[in-house]
Each structure stands twice: as structure tokens, then as C-alpha cells.
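What follows is one structure encoded as C-alpha cells, with my remarks underneath.
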Amino acid sequence: MNKIPLWKTSLGALWLAVVGLAWAPMALAQTSSGAMPDGRGRVVALATATYHSCALRADGSVACWGANWVGQSSPPTRGYFTAVTTSYDHSCALQADGSAVCWGSNAYGQSTVPARETFIAITAGDGHTCGLRAAGTLLCWGRNDYGQATPPLRGRYVALVAGDTHTCGLRADGVAECWGSNLAGESTVPGGEVFTALASTYMHTCGLRANGTSVCWGNAGGYNPPATQPFTALTAGGNHTCGLSPSGAAICAGDNTYGQSRPPSSRMNRFTALAAGYRHTCALNQNGNVVCWGDNSYGQLNVPRGPFGMGTVAAGYAHACDLDADGSLVCSGSNGSGEATPPAGSFADVGAGGAFSCARSAAGTLACWGFNDSGRASPPRGQYADMRVGSLGGCALTGAGGYGCWGANTYGQTMPSYLPIGIGMHYRQLSRGSFHGCGIVNDGSARCWGYSGTGATAVPGGSWLAIGEGDQFSCGLRPNGTLACWGGAMAATPVPTGGFKALSVGEEHACAIRDSGELACWGSNTYGQATPPAGRFVHVSASYKQTCAVRDDGSRTCWGAP
């Protein structure tokens with residue numbers, strides 16, 4: 001039995017959810033294309049090495065820049081990652097299932113991850129790599145001439161870091177242990193110290209105490225930050241050390257020959273993460289943009305604009321919103337309910353639905369405006385790390401796996417499927433359409449709920465990178481880049497073939513970005529919404545009658561009938 005679409009009875013015009021890109025919960029900033037390139041650029045973790053850097057984005061992809069002579073800045077083109085680490089000439093990342101992937105040099109076997117091993121953290125040194133298992137034990141591989149890949153057998157750790165030829169682990173009681181090279185005392189931990197975090201590099205190591213103060217040892221003469229300055233995070237570079245103050249300022253000490261210890265001075269540069277390389281430093285500011293300073297001999301300061309912050313577009317039923325990389329937001333089109341009149345402020349994400357819009361601030365709070373039938377413009381309070389807006393409401397995820405959904409609930413579409421408690425399962429993507437919703441679990445599996453009369457909630461088994469909901473169907477993107485749709489007429493509509501890395505589902509059509517950056521759309525094309533323009537794109541948003549996208553040069557374009 002076909003249901004009567006609510007947009008025909010209550011509004012007369014609605015839009016279906018943009019399928020955004022999956023957020024990486026609790027990513028480890030220990031040193032946020034990969035899965036799906038996203039013009040929004042939201043970075044959640046940084047890792048900086050000698051002459052290159054990598055960033056983990058909110059969609060689970062990794063992007064790198066700088067030196068690339070052995071491929072250390074060429075991460076996997078597809079995957080969903082939760083942590084990234086870098087070293088002199090290789091880099092590694094953890095996938096959602098705990099398996100590790102490394103790229104770049106393998107001269108010492110440092111990029112050959114032991115088979116069938118899973119980790120909760122990983123760190124890369126110069127020629128060796130170590131992983132932390134869930135049980136607290138360590139496994140290292142690669143270069144071992146100083147014993148840096150031979151951790152203590154008795155140890156049980158909660159964190160680890162690697163320098164060039166030494167490695168350190170942090171026990172649950174806050175005691176640090178180091179092994180490997182000790183030529184400059186980098187493995188001689190000061191006695192009687194208890195730490196909450198460690199940072200390590202070439203020949204020095206630093207620890208962050210519970211009161212926020214820090215101490216460094218090894219070749220750290222002059223590299224110690226002010227003794228009484230409290231920090232929330234610490235990073236060690238080649239000959240310098242930087243800390244993140246409680247106010248979000250970067251404070252550095254040590255060598256400044258290349259400007260690596262001189263952070264940009266601007267009120268706009270309040271940071272949330274730091275990562276120091278050999279002669280340069282990078283930071284993540286509160287708007288989710290990456291800023292680097294210091295030596296640029298290998299392009300390590302040239303943060304790529306494409307992967308990090310072209311902003312985004314959100315197509316609603318008869319309006320659209322444009323979020324710039326600087327957080328400014330403008331909307332255009334139909335404004336009969338105020339849906340194209342956003343509030344003042346700076347935002348990190350935006351979504352557009354049926355005569356309403358929502359945005360998420362950099363701090364994680366949600367704001368909606370426009371038509372509020374069934375509470376579609378009444379989001380929950382709190383701080384969220386990801387937001388998806390559908391035609392009649394939306395869903396948002398917190399960093400700890402919690403969630404909140406709002407809007408029309410005629411078929412239980414605001415009530416995600418129950419996940420077993422106590423076995424570590426949580427949603428890493430959550431979205432909803434008009435009458436049903438779907439979520440991707442941290443193990444890659446998926447659940448759908450709500451109206452099931454057309455099979456839209458009968459999600460196939462296996463792993464997923466993204467899922468979006470149409471009027472009476474759903475479509476998904478698998479880790480291998482293939483597409484699938486189920487439910488309604490779209491279940492019988494052939495999906496495009498080839499490799500894809502981004503997906504957006506509209507009310508009666510869908511669009512996906514190919515590995516080449518070109519667009520492919522399928523389904524209803526009554527208004528030309530499934531006839532995309534030529535070119536290369538980094539973000540796409542499908543609606544009811546229209547589709548909008550961001551090109552790889554940052555320009556915006558829409559097609560169909562708004």
C-alpha cells in the first residue's frame with residue numbers, strides 16, 4: 001500500500017535529505033579521497049611528520065600534503081578511518097574495524113601491517129610502527145636497531161607515541177615508559193612523574209601532567225614550554241615544542257629558524273588541535289580549517305584547499321543554502337516561511353529541507369529556522385559533531401555516540417533502531433528522509449527504520465560508507481565504491497557502475513561523485529535534476545526538483561527546477 005506523502009497534505013512542497021558524509025567518532029589526534037571527499041572539509045585530527053602532514057576528516061577520509069617522494073602523502077583512495085599517524089617517509093591510519101593501513105616507504109617493513117591484528121591506536125616512527133591492542137598490549141614492526149620495535153612484554157598501556165628511533169607508552173596509572181634509542185636521554189623518563197598524554201619526536205619526549213603543565217626530556221634543552229603554563233594538548237617537533245592553551249592559543253618554545261615556533265597571531269586563530277613537524281607546525285582552528293607555519297621547502301605549509309574547506313551547499317525543496325569555508329551562511333530561493341533567512345553567526349555545517357533549514361555551529365549547537373510543522377525546525381539542545389537534515393526533520397550525532405532526531409514521526413522515523421548496549425556499538429552516521437531513516441554502525445553495518453511498506457528499510461547486509469533516504473527508497477555507497485538502491489521504483493532502476501566516493505539522495509533521484517570527480521545521477525529527471533553538468537566536483541546535494549554541487553575550484557552550481 002502506498003502512503004500519502006505528507007508534503008502533499010501539509011506543505012505542498014518538500015525536499016529530501018542531503019546525504020552528508022560519515023563522521024568519524026572519537027578519532028585520535030595522536031600525532032576526520034579516502035572515504036568520500038567533502039567540500040565542507042571538516043577536519044577532526046592532524047598528524048605532522050618531518051616534511052609532510054596528514055589530516056583525518058569528519059567523513060572518515062585522510063588527505064595529505066607536502067613531501068611525497070615515496071608516497072607518504074598518498075593515502076588510500078577509499079576507506080573509513082578513525083585515526084592517522086605520520087613519520088619521516090611513511091604514514092598509517094586505523095580503519096573503523098581496528099585494522100591498520102600504511103603507505104609510503106617500506107624499507108624496514110614499517111608499512112607491512114601484521115595480518116589479522118586490530119588496534120585502538122597506532123603510531124609511526126622513523127622506520128617502525130607500533131599499534132596498541134584493545135587489551136593494552138603493544139605490537140611493533142619495522143626497524144629495530146635500537147630496540148624501538150621491542151616494547152616491554154609486561155606493559156599494559158592506554159596510549160603510545162613514537163620518536164625517530166624510540167617509542168613510549170603511557171600506562172593507565174599515568175606512568176610513562178620509553179624504549180629504544182637513548183642517545184640524548186629521550187627514553188629516560190623523569191622519575192616520580194605522572195602524565196595524561198605524551199608527545200615524542202626526533203630525540204626528545206614530552207609529557208602533559210594532570211594540572212596541564214608539561215615537562216620534556218632528551219634533547220630538549222630550550223624546547224620546554226613555560227613551566228607554569230597549563231595546556232590541554234602538547235606536540236613535539238624536531239627542535240621545538242608547542243602546547244594548546246585552555247583559551248585555544250598555540251604557545252611554542254624552541255628553535256624558530258623557520259618560524260615554526262611563531263604561531264599566527266589573530267583572533268580568528270583559536271585552535272582545537274596541534275601537530276608539530278621537523279621544522280613546521282600545523283593546527284586545526286575552531287572553524288575546522290587547517291593552518292600551518294614554518295618551513296615550506298617541501299610544500300608542507302600548502303594545505304590543499306580542495307579537501308579542506310570549500311564550504312558546502314544544501315538544496316531544499318525550493319530554496320538553497322550556501323555555507324562558505326569561513327563559516328558565513330547565505331540562503332536564496334523561496335522564503336515564504338523564512339527558510340532562506342538564516343540567523344547571524346558562524347557555522348560548520350548546513351542542511352535544507354521542506355521550507356526549513358538547519359545549521360550546526362563550530363561549537364556543535366544546532367539552529368533551525370523556517371516552517372516548523374511537526375517540529376521539523378525544532379532541533380534538540382546540546383552539542384553535536386554531525387548533523388543530517390531531511391525533508392521533515394533531521395538527526396544529529398554527538399562525539400560519544402549519542403544522538404538526537406527531530407521532526408515528523410508518523411512512522412517512527414525519529415526513532416533509530418536499538419543497538420545492543422555494552423558491546424561498543426554506536427552509530428557513526430545517522431540520517432532520515434521523509435518517512436524512514438537509516439544509520440551506519442561503527443562496524444560498517446547498517447540499520448533502517450520507519451515506513452517499510454516499499455522495502456526502503458530492508459537494508460542489504462555488508463558494510464557501508466554512506467546511506468541516504470529517498471521518498472520510498474534508500475541508496476548506499478559501499479567501501480569498494482559500488483552503489484546499491486533498495487525499495488520503491490528505484491530498486492528496479494539500474495545504478496551507475498564504476499567507482500564512487502560520495503553520494504546524495506533526493507526525493508525521487510540520487511547523485512554520486514565518481515572517483516574521477518565527475519557526477520552521475522539516476523532516477524526521476526522530470527525537472528532535469530538528474531542531468532548533471534560536466535566537470536569535477538567535491539560535494540553534491542540532491543533535493544526534490546533540484547540538485548546543487550560544489551566544483552573542485554570551489555564554485556557552486558545548481559540544476560533542475562528550485
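Chain labels A, B, ... are given in the sequence in which chains occur in the C-alpha cells; within each chain residues are numbered consecutively from 1, and ligands are likewise numbered from 1 in the order shown.
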If you take only C-alpha atoms and a cut-off of 10 Å, which residues of stretch 224-322 of chain A touch stretch 149-173 of chain A, and what are their nearest atom pairs and distances in Å to one decimal, in chain and number order, as CSV?
residue,atom,partner,partner_atom,distance
A:Ala236,CA,A:Gly163,CA,9.3
A:Gly237,CA,A:Gly163,CA,9.8
A:Gly238,CA,A:Gly163,CA,9.7
Practice problem: Determine, counting only C-alpha atoms, which protein, DNA and RNA residues have an atom within 12 Å of an atom of A:Ile120; residues of the same chain fewer than 6 positions away are not included. Present the result as a count of residues only. | Solution: 30
Quiz item: Near stretch 380-390 of chain A, within 6 Å and counting only C-alpha atoms, which residues show up once chain neighbours fewer than 6 positions away are dropped, as JSON, numbers by chain?
Solution: {"A": [16, 17, 351, 353, 364, 365, 396, 397, 398, 399, 431, 432, 433]}
Practice problem: Excluding A:Phe231 and any residue of its chain fewer than 4 positions from it, enumerate the residues within 6 Å of it, using only C-alpha atoms, and give them as a ChimeraX atom specification. | Solution: /A:212,243-245
Exercise. For A:Val101, please output as a PyMOL selection string all residues within 12 Å (counting only C-alpha atoms; exclusion window: fewer than 5 positions along the same chain).
Key: chain A and resi 34+62+75-86+90-96+110-119+122-124+129+131
For the residues selected in the previous step, produce a file with N, CA, C and O atoms as a short mmCIF file (atom, residue, chain, number, x, y, z; two decimals), in the first residue's frame.
data_model
loop_
_atom_site.label_atom_id
_atom_site.label_comp_id
_atom_site.auth_asym_id
_atom_site.auth_seq_id
_atom_site.Cartn_x
_atom_site.Cartn_y
_atom_site.Cartn_z
N GLY A 34 39.93 9.48 0.49
CA GLY A 34 39.61 8.36 1.31
C GLY A 34 38.17 8.04 1.06
O GLY A 34 37.75 7.93 -0.06
N VAL A 62 41.22 10.45 4.67
CA VAL A 62 42.52 11.03 5.00
C VAL A 62 43.06 11.76 3.78
O VAL A 62 42.98 11.26 2.66
N PRO A 75 47.59 8.79 0.60
CA PRO A 75 46.81 7.83 1.39
C PRO A 75 45.90 6.99 0.51
O PRO A 75 45.72 7.27 -0.68
N PRO A 76 45.31 5.94 1.07
CA PRO A 76 44.37 5.11 0.31
C PRO A 76 43.25 5.97 -0.26
O PRO A 76 42.80 6.94 0.36
N THR A 77 42.80 5.63 -1.43
CA THR A 77 41.78 6.43 -2.11
C THR A 77 40.37 6.15 -1.59
O THR A 77 39.44 6.86 -1.93
N ARG A 78 40.23 5.12 -0.79
CA ARG A 78 38.90 4.81 -0.27
C ARG A 78 39.04 4.10 1.07
O ARG A 78 39.95 3.32 1.29
N GLY A 79 38.12 4.34 1.96
CA GLY A 79 38.14 3.72 3.27
C GLY A 79 37.51 4.63 4.30
O GLY A 79 37.27 5.82 4.03
N TYR A 80 37.22 4.10 5.46
CA TYR A 80 36.68 4.90 6.56
C TYR A 80 37.65 4.77 7.73
O TYR A 80 37.81 3.70 8.31
N PHE A 81 38.32 5.87 8.07
CA PHE A 81 39.40 5.83 9.05
C PHE A 81 39.02 6.58 10.32
O PHE A 81 38.21 7.51 10.31
N THR A 82 39.63 6.18 11.43
CA THR A 82 39.35 6.79 12.72
C THR A 82 40.59 7.41 13.36
O THR A 82 40.48 8.08 14.38
N ALA A 83 41.77 7.19 12.80
CA ALA A 83 43.00 7.76 13.34
C ALA A 83 44.05 7.79 12.24
O ALA A 83 44.02 6.97 11.32
N VAL A 84 44.98 8.74 12.33
CA VAL A 84 46.06 8.84 11.35
C VAL A 84 47.35 9.21 12.08
O VAL A 84 47.33 9.93 13.09
N THR A 85 48.48 8.70 11.61
CA THR A 85 49.79 9.00 12.17
C THR A 85 50.80 9.10 11.03
O THR A 85 50.66 8.43 10.00
N THR A 86 51.82 9.92 11.20
CA THR A 86 52.81 10.13 10.16
C THR A 86 54.22 10.04 10.72
O THR A 86 54.45 10.26 11.90
N HIS A 90 56.76 7.46 5.93
CA HIS A 90 55.57 6.61 5.82
C HIS A 90 54.47 7.15 6.73
O HIS A 90 54.73 7.94 7.64
N SER A 91 53.25 6.75 6.43
CA SER A 91 52.08 7.17 7.20
C SER A 91 51.18 5.96 7.40
O SER A 91 51.22 5.00 6.62
N CYS A 92 50.36 6.00 8.43
CA CYS A 92 49.45 4.91 8.72
C CYS A 92 48.11 5.47 9.20
O CYS A 92 48.04 6.58 9.72
N ALA A 93 47.08 4.67 9.08
CA ALA A 93 45.77 5.05 9.58
C ALA A 93 45.05 3.81 10.07
O ALA A 93 45.29 2.70 9.60
N LEU A 94 44.16 4.02 11.04
CA LEU A 94 43.31 2.94 11.54
C LEU A 94 41.96 3.00 10.85
O LEU A 94 41.37 4.08 10.71
N GLN A 95 41.47 1.84 10.44
CA GLN A 95 40.13 1.76 9.89
C GLN A 95 39.12 1.53 11.01
O GLN A 95 39.48 1.23 12.15
N ALA A 96 37.85 1.69 10.68
CA ALA A 96 36.80 1.60 11.68
C ALA A 96 36.78 0.25 12.38
O ALA A 96 36.37 0.15 13.54
N GLN A 110 58.15 -1.28 7.76
CA GLN A 110 57.30 -0.47 8.63
C GLN A 110 55.89 -0.28 8.10
O GLN A 110 54.98 0.08 8.86
N SER A 111 55.69 -0.52 6.81
CA SER A 111 54.36 -0.36 6.22
C SER A 111 53.65 -1.69 6.00
O SER A 111 52.56 -1.73 5.44
N THR A 112 54.28 -2.78 6.43
CA THR A 112 53.66 -4.10 6.32
C THR A 112 53.01 -4.44 7.65
O THR A 112 53.65 -4.92 8.59
N VAL A 113 51.73 -4.17 7.74
CA VAL A 113 51.00 -4.40 8.99
C VAL A 113 50.81 -5.90 9.21
O VAL A 113 50.40 -6.61 8.30
N PRO A 114 51.11 -6.39 10.40
CA PRO A 114 50.89 -7.82 10.68
C PRO A 114 49.45 -8.23 10.40
O PRO A 114 48.50 -7.51 10.72
N ALA A 115 49.30 -9.40 9.79
CA ALA A 115 47.98 -9.88 9.40
C ALA A 115 47.10 -10.17 10.61
O ALA A 115 47.58 -10.57 11.67
N ARG A 116 45.81 -9.92 10.43
CA ARG A 116 44.76 -10.26 11.40
C ARG A 116 44.93 -9.57 12.75
O ARG A 116 44.43 -10.04 13.77
N GLU A 117 45.63 -8.47 12.78
CA GLU A 117 45.78 -7.70 14.01
C GLU A 117 44.87 -6.48 13.97
O GLU A 117 44.70 -5.85 12.92
N THR A 118 44.27 -6.15 15.10
CA THR A 118 43.46 -4.94 15.21
C THR A 118 43.96 -4.11 16.39
O THR A 118 44.48 -4.65 17.36
N PHE A 119 43.78 -2.79 16.27
CA PHE A 119 44.33 -1.86 17.26
C PHE A 119 43.31 -0.78 17.61
O PHE A 119 42.36 -0.53 16.86
N ILE A 122 47.55 3.82 16.96
CA ILE A 122 48.72 3.47 16.16
C ILE A 122 49.65 4.67 16.11
O ILE A 122 49.20 5.83 16.18
N THR A 123 50.96 4.41 16.05
CA THR A 123 51.94 5.49 15.96
C THR A 123 53.07 5.08 15.03
O THR A 123 53.46 3.91 15.00
N ALA A 124 53.58 6.02 14.27
CA ALA A 124 54.64 5.75 13.30
C ALA A 124 55.92 6.46 13.69
O ALA A 124 55.91 7.65 14.00
N THR A 129 56.71 1.03 13.25
CA THR A 129 55.32 1.36 13.55
C THR A 129 54.88 0.52 14.74
O THR A 129 55.30 -0.64 14.87
N GLY A 131 51.36 -0.51 17.26
CA GLY A 131 49.92 -0.44 17.47
C GLY A 131 49.56 -0.86 18.88
O GLY A 131 50.22 -1.72 19.48
#
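Proximity of A:Ala561, A:Met203, A:Leu56, A:Ala549 to A:Val43, computed with only C-alpha atoms, is greatest for A:Leu56.
For A:Ala359, the list of residues within 7 Å, based on only C-alpha atoms and with local chain neighbours fewer than 3 positions off taken out, reads Phe347, Asp349, Val350, Gly351, Leu366, Ala367 and Cys368 of chain A.
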Preceding selection exported with C-alpha atoms as a PDB file, in the first residue's frame:
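Ended up saving to selection02.pdb:
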ATOM      1  CA  PHE A 347      28.598  27.740  11.175  1.00  0.00           C
ATOM      2  CA  ASP A 349      27.516  22.676   8.553  1.00  0.00           C
ATOM      3  CA  VAL A 350      24.152  23.376   6.962  1.00  0.00           C
ATOM      4  CA  GLY A 351      21.160  21.399   5.762  1.00  0.00           C
ATOM      5  CA  LEU A 366      22.046  23.317  16.320  1.00  0.00           C
ATOM      6  CA  ALA A 367      19.799  26.073  14.983  1.00  0.00           C
ATOM      7  CA  CYS A 368      16.839  25.704  12.618  1.00  0.00           C
TER       8      CYS A 368
END
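Restricting the calculation to only C-alpha atoms, the smallest distance between A:Ala47 and any of A:Ala363, A:Leu183, A:Ala276, A:Ala377 is found for A:Ala276.
Proximity of A:Arg376, A:His509, A:Arg143, A:Arg279 to A:Gly523, computed with only C-alpha atoms, is greatest for A:His509.
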Quiz item: At what distance in Å, to one decimal, does atom CA of A:Asp322 lie from atom CA of A:Gly437?
Solution: 24.8 Å
